[in-house]
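Reviewing the structure listed below.
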Amino acid sequence: MAATCVILDIGGVLEITPETGWVQRWEERLELPPGTVHERMHDVWRAGSVGSISEGEVREQAAVRLGLDALQGEAFMADLWAEYLGTPNEDLIDYVRGLRGRCRLGILSNSFVGARERETTLYHFDELVEQIVYSHEIGIEKPDLRAFEAVCAGLSVRPEDCLFIDDVAVNVRAAQEAGMQAHLFEDNARTITRIAAHLDAGPLVAGRAPIA
């Protein structure tokens, strides 16, 4: 039987993640030109996002490439995670928690190695939804259509019955290309209204167009 489904992004949606300026502060502390950290670490960031490197290896590479001692290395990683994890979007999380039993619930996140452990401990997303698909665990990032296929397969739902919510427009467009309905997150009120409309419409039946 077809089931209505809501799938959410984490960073910028379930987590409020403003830029903290941590990279710039480290460049100033290490007396490096602006942009040096990302220039030296870009392939490490990429590897961490698709799980081809361990968290320990990320720390080691940061130490080697940026000249960090042990204490600096720990502080550098702590600053990385502070921005990554942000703070919980409590109002949206509470709303989604109230949806349990009304629809299938999932998360699809472009992530970084180590994210599941930290987000489980801090925010208990594993208790909020039925399925969490992290890019660092499947080796595929949004907007690759295979990422959307993976979360639908994990939830055993049809793409056309899913509403995907993300704060990045290219990911929203990709979800639509994958056959999903999709909503660009801008604020909680509009997002909650869109989810409610999706649930009221129910699973898509043949011949009926999805709500835009």
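FYI, nothing fancy with the structure tokens labels: chains A, B, ... in order, residues from 1 per chain, ligands from 1 as they appear.
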Residues flagged helix (DSSP H, G or I) by DSSP in range 58-212 of chain A, as a ChimeraX atom specification: /A:58-66,70-85,90-97,115-123,125-128,135-138,145-155,159-161,169-177,188-201
Picked from range 8-139 of chain A by DSSP as strand (DSSP E), as an MDAnalysis selection string: chainID A and resid 8 15:16 87:88 104:109 131:134
Distance criterion (only C-alpha atoms): nearest to Val13 in chain A out of A:Ala197, A:Leu92, A:Leu155, A:Leu108: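 Closest to Val13 in chain A of all the choices is A:Leu92.
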Nearest to Leu199 in chain A, chosen from A:Gln181, A:Ala70, A:Thr121, A:Cys103, with only C-alpha atoms counted in the distances: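 Of A:Gln181, A:Ala70, A:Thr121, A:Cys103, the one nearest Leu199 in chain A, counting only C-alpha atoms, is A:Cys103.
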